[in-house]
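Down below is the structure, laid out as structure tokens.
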Amino acid sequence: MANLQTLFSKYHRLVLFDTETTGLQYSRDEIIEFAAIAVESVDGVPTVVREYDELVALSPGGFVPPKIEALTGISTQDLRERGLPKTRVCRDIAELISGNTLLLAYNAHFDLSFLFYLLLRDGDPAILKGKDKLDLLTVYKDRHSYPHRLCNAIETYGLQDKVVNSHRAVDDVLATLAVMEAMEAEKADLEHYVNLFGYNPKYGVEGKPIGSVRYVPQGFDPAEPIYVKKEVSPC
């Protein structure tokens, strides 16, 4: 695993996470799977100290749309039989990200938005307050030309034999960890992207901006790193 020394000089724990959802609308659709990996520095070596992967029960009357079931393999029946109550998942997440923790995801604005609404309804969204955030999609877009999906990053870094982008949260979070390690080996500047998210200037920031994050317009092809830009996006 890459050194990640700069990040661990500031944070006790890195938590990489991914969600599968019933759709794209943060305030309406639901998380149906939540997966995360906690990484800590053990004797100076970044080490996975906890893995979490659970299906999440649907709200009363909720269902998995056919397109989502085809994409993820998760059915309404799966969630009825094996999904944990949302309140339980919220408690687990609170424990997982407690303390001096950096939150990381690939396309973090999407996953953090869904996480906020889950906590708003069934937990305590205040657990996200003060947590720094790092979007690995923003990092990848700064370094490599379009396309920028997780599967493209896996191919670019030659990780096809190690991880897979399967549209299951547990697989995707393992892939995100591998991509992060490759990014750190490629260029050790991840700390500059903390609380800095790129967005497509043609469409703007999707949904509600995260208050602790600075949003900067980011094109399809690498130019100068966006952390040297001064422009901040409108809210």
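Here, A, B, ... name the chains of the structure tokens in the order displayed, residue numbers run from 1 inside each chain, and ligands are numbered from 1 in the same displayed order.
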Report as number ranges by chain: the residues of chain A with a DSSP assignment of strand (DSSP E), based on the backbone of this structure. A: 13-21, 31-42, 45-55, 101-105, 132-135, 196-199, 214-217
Could those selected residues go to a file with C-alpha atoms, as a compact mmCIF listing (two decimals), in the first residue's frame?
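Writing the result to again-v6.txt gives the following:
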```txt
# COMPACT_ATOMS: atom_id res chain seq x y z
CA ARG A 13 -8.07 7.28 10.01
CA LEU A 14 -9.04 7.27 6.35
CA VAL A 15 -12.50 5.93 5.55
CA LEU A 16 -13.18 5.14 1.91
CA PHE A 17 -16.84 4.43 1.17
CA ASP A 18 -19.32 3.77 -1.62
CA THR A 19 -23.08 3.49 -1.93
CA GLU A 20 -25.58 1.78 -4.19
CA THR A 21 -28.90 3.59 -4.45
CA ILE A 31 -29.20 3.91 -0.20
CA ILE A 32 -29.60 0.15 -0.64
CA GLU A 33 -25.98 -0.85 0.08
CA PHE A 34 -23.27 0.90 2.07
CA ALA A 35 -19.67 -0.29 2.07
CA ALA A 36 -16.58 1.24 3.66
CA ILE A 37 -12.96 0.48 4.47
CA ALA A 38 -11.12 2.08 7.39
CA VAL A 39 -7.38 2.54 6.91
CA GLU A 40 -4.99 3.46 9.72
CA SER A 41 -1.23 3.77 10.00
CA VAL A 42 0.02 0.76 11.97
CA VAL A 45 2.30 1.19 7.42
CA PRO A 46 -1.19 2.05 6.05
CA THR A 47 -3.35 -0.91 7.07
CA VAL A 48 -7.00 -1.83 6.52
CA VAL A 49 -8.34 -2.16 10.06
CA ARG A 50 -12.03 -2.60 9.29
CA GLU A 51 -14.27 -3.52 6.37
CA TYR A 52 -18.00 -2.83 6.37
CA ASP A 53 -20.56 -3.94 3.79
CA GLU A 54 -24.28 -4.12 4.45
CA LEU A 55 -27.52 -4.03 2.51
CA THR A 101 -11.23 10.82 10.16
CA LEU A 102 -10.87 11.80 6.50
CA LEU A 103 -13.77 10.70 4.27
CA LEU A 104 -12.88 9.57 0.74
CA ALA A 105 -14.92 8.41 -2.24
CA ASP A 132 -12.70 16.66 5.88
CA LYS A 133 -13.52 15.12 2.53
CA LEU A 134 -11.49 14.00 -0.49
CA ASP A 135 -12.95 13.24 -3.92
CA LEU A 196 -11.87 20.61 -3.00
CA PHE A 197 -14.31 19.15 -5.54
CA GLY A 198 -14.27 19.71 -9.29
CA TYR A 199 -17.50 20.16 -11.24
CA ARG A 214 -14.83 24.44 -2.22
CA TYR A 215 -16.15 23.75 -5.73
CA VAL A 216 -14.00 24.59 -8.74
CA PRO A 217 -14.85 24.22 -12.46
```
Selection near Ser27 (chain A), 10 Å with only C-alpha atoms, sequence-local residues under 4 positions removed, as a list of chain:residue names: A:Ser113, A:Phe114, A:Phe116, A:Tyr117, A:Leu118, A:Gly207
Do you know which residues are at most 12 Å from Val179 (chain A) counting only C-alpha atoms, after dropping those on the same chain fewer than 4 positions away, and could you put them as a ChimeraX atom specification? /A:1-2,16,104-106,135-137,139-140,149-160,162-165,172-175,183-186
Counting only C-alpha atoms, which of A:Leu177, A:Ala223, A:Ala182, A:Ile97 gets nearest to Tyr11 (chain A)?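 When distances to Tyr11 (chain A) are compared using only C-alpha atoms, the smallest one comes from A:Ile97.
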Shell of 10 Å around Leu71 (chain A), only C-alpha atoms, local chain residues under 4 positions omitted, as a PyMOL selection string: chain A and resi 20+66-67+166-168
Export, as a PDB file, in the first residue's frame, the selected residues with all heavy atoms.
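Generated output (part-v8.pdb):
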```pdb
ATOM      1  N   GLU A  20     -24.673   2.102  -3.078  1.00  0.00           N
ATOM      2  CA  GLU A  20     -25.578   1.784  -4.190  1.00  0.00           C
ATOM      3  C   GLU A  20     -26.948   2.328  -3.790  1.00  0.00           C
ATOM      4  O   GLU A  20     -27.332   2.267  -2.609  1.00  0.00           O
ATOM      5  CB  GLU A  20     -25.650   0.280  -4.448  1.00  0.00           C
ATOM      6  CG  GLU A  20     -24.322  -0.350  -4.848  1.00  0.00           C
ATOM      7  CD  GLU A  20     -23.742   0.227  -6.124  1.00  0.00           C
ATOM      8  OE1 GLU A  20     -24.533   0.684  -6.990  1.00  0.00           O
ATOM      9  OE2 GLU A  20     -22.500   0.240  -6.253  1.00  0.00           O
ATOM     10  N   PRO A  66     -36.351  -1.850 -11.650  1.00  0.00           N
ATOM     11  CA  PRO A  66     -35.754  -2.921 -12.466  1.00  0.00           C
ATOM     12  C   PRO A  66     -34.377  -2.570 -13.013  1.00  0.00           C
ATOM     13  O   PRO A  66     -33.486  -3.430 -13.050  1.00  0.00           O
ATOM     14  CB  PRO A  66     -36.776  -3.102 -13.597  1.00  0.00           C
ATOM     15  CG  PRO A  66     -38.083  -2.667 -13.000  1.00  0.00           C
ATOM     16  CD  PRO A  66     -37.747  -1.554 -12.061  1.00  0.00           C
ATOM     17  N   LYS A  67     -34.149  -1.321 -13.444  1.00  0.00           N
ATOM     18  CA  LYS A  67     -32.847  -0.947 -13.989  1.00  0.00           C
ATOM     19  C   LYS A  67     -31.752  -1.027 -12.929  1.00  0.00           C
ATOM     20  O   LYS A  67     -30.618  -1.421 -13.226  1.00  0.00           O
ATOM     21  CB  LYS A  67     -32.907   0.469 -14.564  1.00  0.00           C
ATOM     22  CG  LYS A  67     -33.689   0.579 -15.865  1.00  0.00           C
ATOM     23  CD  LYS A  67     -33.620   1.993 -16.422  1.00  0.00           C
ATOM     24  CE  LYS A  67     -34.359   2.099 -17.745  1.00  0.00           C
ATOM     25  NZ  LYS A  67     -34.297   3.488 -18.297  1.00  0.00           N
ATOM     26  N   SER A 166     -17.906  -3.270 -10.230  1.00  0.00           N
ATOM     27  CA  SER A 166     -19.044  -4.173 -10.473  1.00  0.00           C
ATOM     28  C   SER A 166     -20.398  -3.544 -10.212  1.00  0.00           C
ATOM     29  O   SER A 166     -21.421  -4.186 -10.397  1.00  0.00           O
ATOM     30  CB  SER A 166     -18.911  -5.404  -9.579  1.00  0.00           C
ATOM     31  OG  SER A 166     -19.114  -5.041  -8.219  1.00  0.00           O
ATOM     32  N   HIS A 167     -20.423  -2.285  -9.742  1.00  0.00           N
ATOM     33  CA  HIS A 167     -21.656  -1.645  -9.289  1.00  0.00           C
ATOM     34  C   HIS A 167     -22.242  -2.366  -8.070  1.00  0.00           C
ATOM     35  O   HIS A 167     -23.451  -2.361  -7.859  1.00  0.00           O
ATOM     36  CB  HIS A 167     -22.689  -1.550 -10.417  1.00  0.00           C
ATOM     37  CG  HIS A 167     -22.221  -0.698 -11.552  1.00  0.00           C
ATOM     38  ND1 HIS A 167     -22.103   0.674 -11.459  1.00  0.00           N
ATOM     39  CD2 HIS A 167     -21.802  -1.029 -12.800  1.00  0.00           C
ATOM     40  CE1 HIS A 167     -21.653   1.147 -12.610  1.00  0.00           C
ATOM     41  NE2 HIS A 167     -21.455   0.137 -13.433  1.00  0.00           N
ATOM     42  N   ARG A 168     -21.366  -2.973  -7.284  1.00  0.00           N
ATOM     43  CA  ARG A 168     -21.685  -3.374  -5.919  1.00  0.00           C
ATOM     44  C   ARG A 168     -20.745  -2.584  -5.022  1.00  0.00           C
ATOM     45  O   ARG A 168     -19.548  -2.481  -5.291  1.00  0.00           O
ATOM     46  CB  ARG A 168     -21.496  -4.874  -5.707  1.00  0.00           C
ATOM     47  CG  ARG A 168     -22.590  -5.724  -6.314  1.00  0.00           C
ATOM     48  CD  ARG A 168     -23.982  -5.407  -5.732  1.00  0.00           C
ATOM     49  NE  ARG A 168     -24.044  -5.633  -4.298  1.00  0.00           N
ATOM     50  CZ  ARG A 168     -24.452  -6.779  -3.750  1.00  0.00           C
ATOM     51  NH1 ARG A 168     -24.805  -7.803  -4.511  1.00  0.00           N
ATOM     52  NH2 ARG A 168     -24.513  -6.891  -2.443  1.00  0.00           N
TER      53      ARG A 168
END
```
I need the residues of chain A that end up classed as alpha helix (DSSP H) by DSSP on the backbone, written out as a PyMOL selection string. chain A and resi 5-8+66-72+76-82+86-96+108-122+136-143+150-156+169-186
Just C-alpha atoms for this one: save the residues we selected as a compact mmCIF listing (two decimals), in the first residue's frame.
```txt
# COMPACT_ATOMS: atom_id res chain seq x y z
CA GLN A 5 2.42 9.76 4.95
CA THR A 6 1.12 13.29 4.40
CA LEU A 7 -2.50 12.29 4.95
CA PHE A 8 -1.66 10.30 8.07
CA PRO A 66 -35.75 -2.92 -12.47
CA LYS A 67 -32.85 -0.95 -13.99
CA ILE A 68 -31.11 -0.72 -10.61
CA GLU A 69 -31.65 -4.41 -9.93
CA ALA A 70 -30.18 -5.25 -13.34
CA LEU A 71 -27.18 -3.00 -12.65
CA THR A 72 -26.43 -4.09 -9.08
CA THR A 76 -36.37 -5.68 -3.34
CA GLN A 77 -36.60 -9.17 -1.86
CA ASP A 78 -32.88 -9.13 -0.94
CA LEU A 79 -33.42 -5.94 1.05
CA ARG A 80 -36.52 -7.30 2.77
CA GLU A 81 -34.68 -10.43 3.83
CA ARG A 82 -31.16 -9.14 4.54
CA LYS A 86 -31.55 2.32 8.50
CA THR A 87 -31.15 3.38 12.13
CA ARG A 88 -28.67 0.53 12.69
CA VAL A 89 -26.67 1.48 9.61
CA CYS A 90 -26.56 5.11 10.76
CA ARG A 91 -25.18 4.03 14.15
CA ASP A 92 -22.57 1.85 12.44
CA ILE A 93 -21.48 4.74 10.21
CA ALA A 94 -21.21 7.08 13.20
CA GLU A 95 -18.88 4.60 14.90
CA LEU A 96 -16.89 4.00 11.72
CA ALA A 108 -17.71 11.93 -3.36
CA HIS A 109 -20.34 14.65 -3.86
CA PHE A 110 -22.83 11.96 -4.94
CA ASP A 111 -22.16 9.55 -2.07
CA LEU A 112 -21.93 12.26 0.58
CA SER A 113 -25.24 13.75 -0.56
CA PHE A 114 -27.00 10.41 -0.16
CA LEU A 115 -25.27 9.81 3.15
CA PHE A 116 -26.44 13.19 4.46
CA TYR A 117 -30.08 12.45 3.64
CA LEU A 118 -29.86 8.99 5.19
CA LEU A 119 -28.51 10.50 8.40
CA LEU A 120 -31.04 13.33 8.28
CA ARG A 121 -33.94 10.89 8.25
CA ASP A 122 -32.65 8.06 10.41
CA LEU A 136 -10.76 10.89 -5.92
CA LEU A 137 -12.72 11.58 -9.12
CA THR A 138 -11.53 15.18 -8.91
CA VAL A 139 -7.94 13.97 -8.58
CA TYR A 140 -8.30 11.62 -11.56
CA LYS A 141 -9.82 14.32 -13.78
CA ASP A 142 -6.87 16.57 -12.97
CA ARG A 143 -4.43 13.93 -14.21
CA LEU A 150 -14.07 4.39 -11.93
CA CYS A 151 -13.67 1.62 -14.51
CA ASN A 152 -11.52 3.98 -16.60
CA ALA A 153 -9.28 4.71 -13.62
CA ILE A 154 -8.91 0.98 -12.97
CA GLU A 155 -7.79 0.45 -16.57
CA THR A 156 -5.47 3.47 -16.63
CA ALA A 169 -20.53 -1.07 -3.13
CA VAL A 170 -18.08 -3.52 -1.58
CA ASP A 171 -16.28 -4.13 -4.89
CA ASP A 172 -16.26 -0.46 -5.79
CA VAL A 173 -14.81 0.64 -2.47
CA LEU A 174 -12.00 -1.92 -2.81
CA ALA A 175 -11.39 -0.56 -6.31
CA THR A 176 -11.37 2.99 -4.91
CA LEU A 177 -8.71 1.99 -2.39
CA ALA A 178 -6.54 0.51 -5.14
CA VAL A 179 -6.99 3.62 -7.30
CA MET A 180 -6.05 5.86 -4.37
CA GLU A 181 -2.84 3.88 -3.84
CA ALA A 182 -1.99 4.21 -7.53
CA MET A 183 -2.68 7.94 -7.43
CA GLU A 184 -0.39 8.40 -4.44
CA ALA A 185 2.37 6.50 -6.23
CA GLU A 186 1.79 8.58 -9.37
```
How many Å lie between CA of Val64 (chain A) and CA of Thr22 (chain A), rounded to one decimal?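 Between CA of Val64 (chain A) and CA of Thr22 (chain A) the gap is 5.7 Å.
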What is the distance between CA of Gly99 (chain A) and CA of Gly130 (chain A), in Å to one decimal?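 CA of Gly130 (chain A) lies 10.1 Å from CA of Gly99 (chain A).
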